[in-house]
Amino acid sequence: MGILDKLFGKKSHAPSAVQELGKIIDRFATASTVGVDREDLARYPARQYMVMAFHYGAIDYLSQQHELDETQTLGLFVVFLNSYFSMPITETGSISERLQGFREKPDEHHFMEAGADAFRRWHEHDERRAPLELGELLKEA
């Protein structure tokens, strides 16, 4: 490689912290939805909100650990919604209303706290079965 290539050649860009955290959330979402009936979710919006709350709990926990700001945290959540629910963000309703529901509605808040706890145990303590609690919680709901 010549000196000009070193100076002006294409540079690979390292992924941002938010992109790396998005990959972690994606792996967690994949692990947590193994036992979840997606057709059932499509029929019951309340269950969709519970799944959203569970994963927002994980996203919020990870965001706090890495000192992400609110915009970055919301960005991770939007990417999750778009990936997991395969729908544009315009179809999921107001993000601020959803997050308010997660905090104020007891059922959704329970799922948010459970998601944060399951994520912490999965990510920090290598409890591989922790994400499966989502399916168990949905069966009880």
# chains A, B, ... in the order shown; residues from 1 in each chain; ligands from 1
>>> residues_around(residues="segment 58-61 of chain A", least_positions_apart="4", cutoff="8 Å", atoms="only C-alpha atoms", output="tab-separated table (two decimals) with C-alpha atoms, in the first residue's frame")
chain	number	residue	atom	x	y	z
A	25	ILE	CA	-30.30	-5.29	22.58
A	54	PHE	CA	-40.05	-5.45	28.71
A	65	GLN	CA	-25.02	1.96	32.45
A	73	THR	CA	-32.01	5.94	24.42
A	76	LEU	CA	-32.28	2.51	20.52
A	77	PHE	CA	-35.96	2.00	21.30
A	112	MET	CA	-40.51	-2.76	32.15
A	115	GLY	CA	-37.12	-6.51	31.39
A	116	ALA	CA	-34.46	-4.45	33.16
A	117	ASP	CA	-33.90	-7.21	35.72
A	118	ALA	CA	-33.77	-10.00	33.11
A	119	PHE	CA	-31.38	-7.97	30.96
A	120	ARG	CA	-29.08	-7.25	33.90
>>> residues_around(residues="Lys23 of chain A", least_positions_apart="5", cutoff="10 Å", atoms="only C-alpha atoms", output="MDAnalysis selection string")
chainID A and resid 17:18 28:29 76 80
>>> select_by_dssp(residues="chain A", states="helix (DSSP H, G or I)", output="JSON, numbers by chain")
{"A": [3, 4, 5, 6, 7, 8, 17, 18, 19, 20, 21, 22, 23, 24, 25, 26, 27, 28, 29, 30, 31, 32, 38, 39, 40, 41, 42, 43, 45, 46, 47, 48, 49, 50, 51, 52, 53, 54, 55, 56, 57, 58, 59, 60, 61, 62, 63, 64, 65, 70, 71, 72, 73, 74, 75, 76, 77, 78, 79, 80, 81, 82, 83, 84, 85, 89, 90, 91, 95, 96, 97, 98, 99, 100, 101, 102, 103, 104, 106, 107, 108, 109, 110, 111, 112, 113, 114, 115, 116, 117, 118, 119, 120, 121, 122, 123, 124, 125, 130, 131, 132, 133, 134, 135, 136, 137, 138, 139, 140]}
>>> residues_around(residues="Arg129 of chain A", least_positions_apart="5", cutoff="9 Å", atoms="only C-alpha atoms", output="PDB file with N, CA, C and O atoms, in the first residue's frame")
ATOM      1  N   ALA A  31     -33.159 -13.553  22.046  1.00  0.00           N
ATOM      2  CA  ALA A  31     -33.220 -14.566  23.111  1.00  0.00           C
ATOM      3  C   ALA A  31     -34.550 -14.525  23.857  1.00  0.00           C
ATOM      4  O   ALA A  31     -35.084 -15.564  24.245  1.00  0.00           O
ATOM      5  N   SER A  32     -35.109 -13.341  24.034  1.00  0.00           N
ATOM      6  CA  SER A  32     -36.322 -13.215  24.842  1.00  0.00           C
ATOM      7  C   SER A  32     -37.584 -13.587  24.088  1.00  0.00           C
ATOM      8  O   SER A  32     -38.611 -13.868  24.707  1.00  0.00           O
ATOM      9  N   ALA A 118     -34.192  -8.867  33.950  1.00  0.00           N
ATOM     10  CA  ALA A 118     -33.771  -9.997  33.112  1.00  0.00           C
ATOM     11  C   ALA A 118     -32.541  -9.621  32.286  1.00  0.00           C
ATOM     12  O   ALA A 118     -31.605 -10.416  32.148  1.00  0.00           O
ATOM     13  N   TRP A 122     -28.900 -11.382  32.456  1.00  0.00           N
ATOM     14  CA  TRP A 122     -28.418 -11.984  31.201  1.00  0.00           C
ATOM     15  C   TRP A 122     -27.066 -11.389  30.803  1.00  0.00           C
ATOM     16  O   TRP A 122     -26.134 -12.104  30.461  1.00  0.00           O
TER      17      TRP A 122
END
>>> residues_around(residues="Ala53 of chain A", least_positions_apart="3", cutoff="6 Å", atoms="only C-alpha atoms", output="PyMOL selection string")
chain A and resi 49-50+56+102+108+111-112
>>> write_last_selection(atoms="C-alpha atoms", output="short mmCIF file (atom, residue, chain, number, x, y, z; two decimals), in the first residue's frame")
data_model
loop_
_atom_site.label_atom_id
_atom_site.label_comp_id
_atom_site.auth_asym_id
_atom_site.auth_seq_id
_atom_site.Cartn_x
_atom_site.Cartn_y
_atom_site.Cartn_z
CA TYR A 49 -47.15 -3.03 24.71
CA MET A 50 -46.03 -5.53 27.33
CA TYR A 56 -37.62 -0.79 26.96
CA PHE A 102 -44.68 2.05 30.69
CA GLU A 108 -46.68 -2.27 31.63
CA PHE A 111 -42.96 -5.67 32.38
CA MET A 112 -40.51 -2.76 32.15
#
>>> atom_distance(atom1="atom CA of Val51 of chain A", atom2="atom CA of Asn82 of chain A")
13.4 Å
>>> closest_residue(among="A:Leu134, A:Met52, A:Arg121, A:Tyr84", to="Gly101 of chain A", atoms="only C-alpha atoms")
A:Met52
>>> decode(residues="segment 77-113 of chain A", atoms="N, CA, C and O atoms", output="PDB file, in the first residue's frame")
ATOM      1  N   PHE A  77     -34.607   2.530  21.205  1.00  0.00           N
ATOM      2  CA  PHE A  77     -35.965   1.996  21.297  1.00  0.00           C
ATOM      3  C   PHE A  77     -36.644   2.004  19.933  1.00  0.00           C
ATOM      4  O   PHE A  77     -37.310   1.039  19.554  1.00  0.00           O
ATOM      5  N   VAL A  78     -36.462   3.056  19.184  1.00  0.00           N
ATOM      6  CA  VAL A  78     -37.059   3.153  17.848  1.00  0.00           C
ATOM      7  C   VAL A  78     -36.498   2.057  16.935  1.00  0.00           C
ATOM      8  O   VAL A  78     -37.243   1.406  16.203  1.00  0.00           O
ATOM      9  N   VAL A  79     -35.205   1.833  16.997  1.00  0.00           N
ATOM     10  CA  VAL A  79     -34.593   0.766  16.192  1.00  0.00           C
ATOM     11  C   VAL A  79     -35.173  -0.586  16.610  1.00  0.00           C
ATOM     12  O   VAL A  79     -35.500  -1.427  15.765  1.00  0.00           O
ATOM     13  N   PHE A  80     -35.318  -0.792  17.903  1.00  0.00           N
ATOM     14  CA  PHE A  80     -35.927  -2.033  18.388  1.00  0.00           C
ATOM     15  C   PHE A  80     -37.335  -2.191  17.823  1.00  0.00           C
ATOM     16  O   PHE A  80     -37.698  -3.249  17.315  1.00  0.00           O
ATOM     17  N   LEU A  81     -38.151  -1.149  17.928  1.00  0.00           N
ATOM     18  CA  LEU A  81     -39.527  -1.229  17.426  1.00  0.00           C
ATOM     19  C   LEU A  81     -39.563  -1.555  15.943  1.00  0.00           C
ATOM     20  O   LEU A  81     -40.343  -2.402  15.499  1.00  0.00           O
ATOM     21  N   ASN A  82     -38.726  -0.889  15.194  1.00  0.00           N
ATOM     22  CA  ASN A  82     -38.704  -1.100  13.753  1.00  0.00           C
ATOM     23  C   ASN A  82     -38.235  -2.515  13.420  1.00  0.00           C
ATOM     24  O   ASN A  82     -38.769  -3.161  12.523  1.00  0.00           O
ATOM     25  N   SER A  83     -37.261  -3.018  14.146  1.00  0.00           N
ATOM     26  CA  SER A  83     -36.729  -4.356  13.882  1.00  0.00           C
ATOM     27  C   SER A  83     -37.677  -5.452  14.354  1.00  0.00           C
ATOM     28  O   SER A  83     -37.978  -6.388  13.622  1.00  0.00           O
ATOM     29  N   TYR A  84     -38.128  -5.343  15.576  1.00  0.00           N
ATOM     30  CA  TYR A  84     -38.911  -6.419  16.160  1.00  0.00           C
ATOM     31  C   TYR A  84     -40.341  -6.454  15.631  1.00  0.00           C
ATOM     32  O   TYR A  84     -40.874  -7.510  15.319  1.00  0.00           O
ATOM     33  N   PHE A  85     -40.967  -5.310  15.539  1.00  0.00           N
ATOM     34  CA  PHE A  85     -42.355  -5.268  15.113  1.00  0.00           C
ATOM     35  C   PHE A  85     -42.514  -5.047  13.618  1.00  0.00           C
ATOM     36  O   PHE A  85     -43.618  -5.057  13.102  1.00  0.00           O
ATOM     37  N   SER A  86     -41.409  -4.841  12.927  1.00  0.00           N
ATOM     38  CA  SER A  86     -41.420  -4.656  11.468  1.00  0.00           C
ATOM     39  C   SER A  86     -42.457  -3.625  11.035  1.00  0.00           C
ATOM     40  O   SER A  86     -43.217  -3.847  10.102  1.00  0.00           O
ATOM     41  N   MET A  87     -42.495  -2.540  11.743  1.00  0.00           N
ATOM     42  CA  MET A  87     -43.425  -1.486  11.388  1.00  0.00           C
ATOM     43  C   MET A  87     -42.732  -0.138  11.528  1.00  0.00           C
ATOM     44  O   MET A  87     -41.872   0.021  12.385  1.00  0.00           O
ATOM     45  N   PRO A  88     -43.092   0.783  10.659  1.00  0.00           N
ATOM     46  CA  PRO A  88     -42.518   2.121  10.792  1.00  0.00           C
ATOM     47  C   PRO A  88     -42.936   2.732  12.123  1.00  0.00           C
ATOM     48  O   PRO A  88     -44.002   2.416  12.659  1.00  0.00           O
ATOM     49  N   ILE A  89     -42.122   3.597  12.610  1.00  0.00           N
ATOM     50  CA  ILE A  89     -42.385   4.217  13.904  1.00  0.00           C
ATOM     51  C   ILE A  89     -43.711   4.978  13.899  1.00  0.00           C
ATOM     52  O   ILE A  89     -44.372   5.080  14.918  1.00  0.00           O
ATOM     53  N   THR A  90     -44.135   5.468  12.745  1.00  0.00           N
ATOM     54  CA  THR A  90     -45.396   6.205  12.659  1.00  0.00           C
ATOM     55  C   THR A  90     -46.587   5.329  13.021  1.00  0.00           C
ATOM     56  O   THR A  90     -47.622   5.823  13.432  1.00  0.00           O
ATOM     57  N   GLU A  91     -46.447   4.005  12.899  1.00  0.00           N
ATOM     58  CA  GLU A  91     -47.545   3.102  13.210  1.00  0.00           C
ATOM     59  C   GLU A  91     -47.540   2.644  14.664  1.00  0.00           C
ATOM     60  O   GLU A  91     -48.443   1.943  15.094  1.00  0.00           O
ATOM     61  N   THR A  92     -46.537   2.976  15.416  1.00  0.00           N
ATOM     62  CA  THR A  92     -46.467   2.519  16.805  1.00  0.00           C
ATOM     63  C   THR A  92     -47.050   3.534  17.776  1.00  0.00           C
ATOM     64  O   THR A  92     -47.110   3.259  18.963  1.00  0.00           O
ATOM     65  N   GLY A  93     -47.463   4.667  17.284  1.00  0.00           N
ATOM     66  CA  GLY A  93     -48.021   5.692  18.157  1.00  0.00           C
ATOM     67  C   GLY A  93     -46.921   6.585  18.701  1.00  0.00           C
ATOM     68  O   GLY A  93     -45.747   6.427  18.388  1.00  0.00           O
ATOM     69  N   SER A  94     -47.322   7.512  19.506  1.00  0.00           N
ATOM     70  CA  SER A  94     -46.382   8.464  20.078  1.00  0.00           C
ATOM     71  C   SER A  94     -45.432   7.757  21.048  1.00  0.00           C
ATOM     72  O   SER A  94     -45.867   7.075  21.973  1.00  0.00           O
ATOM     73  N   ILE A  95     -44.157   7.919  20.823  1.00  0.00           N
ATOM     74  CA  ILE A  95     -43.158   7.293  21.688  1.00  0.00           C
ATOM     75  C   ILE A  95     -43.286   7.833  23.115  1.00  0.00           C
ATOM     76  O   ILE A  95     -43.245   7.069  24.075  1.00  0.00           O
ATOM     77  N   SER A  96     -43.493   9.122  23.248  1.00  0.00           N
ATOM     78  CA  SER A  96     -43.586   9.688  24.598  1.00  0.00           C
ATOM     79  C   SER A  96     -44.807   9.136  25.328  1.00  0.00           C
ATOM     80  O   SER A  96     -44.749   8.881  26.526  1.00  0.00           O
ATOM     81  N   GLU A  97     -45.922   8.923  24.608  1.00  0.00           N
ATOM     82  CA  GLU A  97     -47.100   8.329  25.242  1.00  0.00           C
ATOM     83  C   GLU A  97     -46.828   6.885  25.646  1.00  0.00           C
ATOM     84  O   GLU A  97     -47.261   6.433  26.701  1.00  0.00           O
ATOM     85  N   ARG A  98     -46.120   6.155  24.795  1.00  0.00           N
ATOM     86  CA  ARG A  98     -45.788   4.762  25.111  1.00  0.00           C
ATOM     87  C   ARG A  98     -44.930   4.704  26.366  1.00  0.00           C
ATOM     88  O   ARG A  98     -45.181   3.918  27.266  1.00  0.00           O
ATOM     89  N   LEU A  99     -43.905   5.536  26.424  1.00  0.00           N
ATOM     90  CA  LEU A  99     -43.011   5.529  27.578  1.00  0.00           C
ATOM     91  C   LEU A  99     -43.740   5.958  28.838  1.00  0.00           C
ATOM     92  O   LEU A  99     -43.494   5.410  29.917  1.00  0.00           O
ATOM     93  N   GLN A 100     -44.653   6.897  28.712  1.00  0.00           N
ATOM     94  CA  GLN A 100     -45.454   7.316  29.863  1.00  0.00           C
ATOM     95  C   GLN A 100     -46.311   6.149  30.353  1.00  0.00           C
ATOM     96  O   GLN A 100     -46.431   5.915  31.555  1.00  0.00           O
ATOM     97  N   GLY A 101     -46.875   5.401  29.419  1.00  0.00           N
ATOM     98  CA  GLY A 101     -47.657   4.221  29.788  1.00  0.00           C
ATOM     99  C   GLY A 101     -46.808   3.190  30.506  1.00  0.00           C
ATOM    100  O   GLY A 101     -47.245   2.567  31.479  1.00  0.00           O
ATOM    101  N   PHE A 102     -45.570   3.007  30.041  1.00  0.00           N
ATOM    102  CA  PHE A 102     -44.678   2.046  30.687  1.00  0.00           C
ATOM    103  C   PHE A 102     -44.435   2.427  32.139  1.00  0.00           C
ATOM    104  O   PHE A 102     -44.285   1.571  32.995  1.00  0.00           O
ATOM    105  N   ARG A 103     -44.391   3.710  32.399  1.00  0.00           N
ATOM    106  CA  ARG A 103     -44.095   4.171  33.754  1.00  0.00           C
ATOM    107  C   ARG A 103     -45.332   4.243  34.642  1.00  0.00           C
ATOM    108  O   ARG A 103     -45.233   4.095  35.858  1.00  0.00           O
ATOM    109  N   GLU A 104     -46.505   4.489  34.026  1.00  0.00           N
ATOM    110  CA  GLU A 104     -47.702   4.752  34.822  1.00  0.00           C
ATOM    111  C   GLU A 104     -48.682   3.587  34.908  1.00  0.00           C
ATOM    112  O   GLU A 104     -49.399   3.472  35.897  1.00  0.00           O
ATOM    113  N   LYS A 105     -48.755   2.758  33.896  1.00  0.00           N
ATOM    114  CA  LYS A 105     -49.699   1.640  33.907  1.00  0.00           C
ATOM    115  C   LYS A 105     -49.055   0.461  34.624  1.00  0.00           C
ATOM    116  O   LYS A 105     -47.994  -0.006  34.215  1.00  0.00           O
ATOM    117  N   PRO A 106     -49.688  -0.017  35.689  1.00  0.00           N
ATOM    118  CA  PRO A 106     -49.062  -1.062  36.506  1.00  0.00           C
ATOM    119  C   PRO A 106     -48.609  -2.301  35.723  1.00  0.00           C
ATOM    120  O   PRO A 106     -47.506  -2.792  35.937  1.00  0.00           O
ATOM    121  N   ASP A 107     -49.446  -2.799  34.793  1.00  0.00           N
ATOM    122  CA  ASP A 107     -49.052  -3.990  34.031  1.00  0.00           C
ATOM    123  C   ASP A 107     -47.816  -3.725  33.183  1.00  0.00           C
ATOM    124  O   ASP A 107     -46.893  -4.538  33.146  1.00  0.00           O
ATOM    125  N   GLU A 108     -47.813  -2.599  32.494  1.00  0.00           N
ATOM    126  CA  GLU A 108     -46.682  -2.272  31.632  1.00  0.00           C
ATOM    127  C   GLU A 108     -45.436  -1.965  32.457  1.00  0.00           C
ATOM    128  O   GLU A 108     -44.326  -2.341  32.091  1.00  0.00           O
ATOM    129  N   HIS A 109     -45.632  -1.289  33.584  1.00  0.00           N
ATOM    130  CA  HIS A 109     -44.495  -0.963  34.453  1.00  0.00           C
ATOM    131  C   HIS A 109     -43.854  -2.241  34.991  1.00  0.00           C
ATOM    132  O   HIS A 109     -42.625  -2.347  35.065  1.00  0.00           O
ATOM    133  N   HIS A 110     -44.677  -3.209  35.336  1.00  0.00           N
ATOM    134  CA  HIS A 110     -44.171  -4.503  35.805  1.00  0.00           C
ATOM    135  C   HIS A 110     -43.297  -5.152  34.720  1.00  0.00           C
ATOM    136  O   HIS A 110     -42.225  -5.680  35.018  1.00  0.00           O
ATOM    137  N   PHE A 111     -43.748  -5.096  33.473  1.00  0.00           N
ATOM    138  CA  PHE A 111     -42.962  -5.668  32.376  1.00  0.00           C
ATOM    139  C   PHE A 111     -41.665  -4.893  32.163  1.00  0.00           C
ATOM    140  O   PHE A 111     -40.627  -5.482  31.871  1.00  0.00           O
ATOM    141  N   MET A 112     -41.719  -3.571  32.316  1.00  0.00           N
ATOM    142  CA  MET A 112     -40.512  -2.762  32.153  1.00  0.00           C
ATOM    143  C   MET A 112     -39.473  -3.127  33.219  1.00  0.00           C
ATOM    144  O   MET A 112     -38.290  -3.318  32.910  1.00  0.00           O
ATOM    145  N   GLU A 113     -39.903  -3.240  34.465  1.00  0.00           N
ATOM    146  CA  GLU A 113     -38.979  -3.613  35.542  1.00  0.00           C
ATOM    147  C   GLU A 113     -38.443  -5.026  35.341  1.00  0.00           C
ATOM    148  O   GLU A 113     -37.257  -5.289  35.568  1.00  0.00           O
TER     149      GLU A 113
END
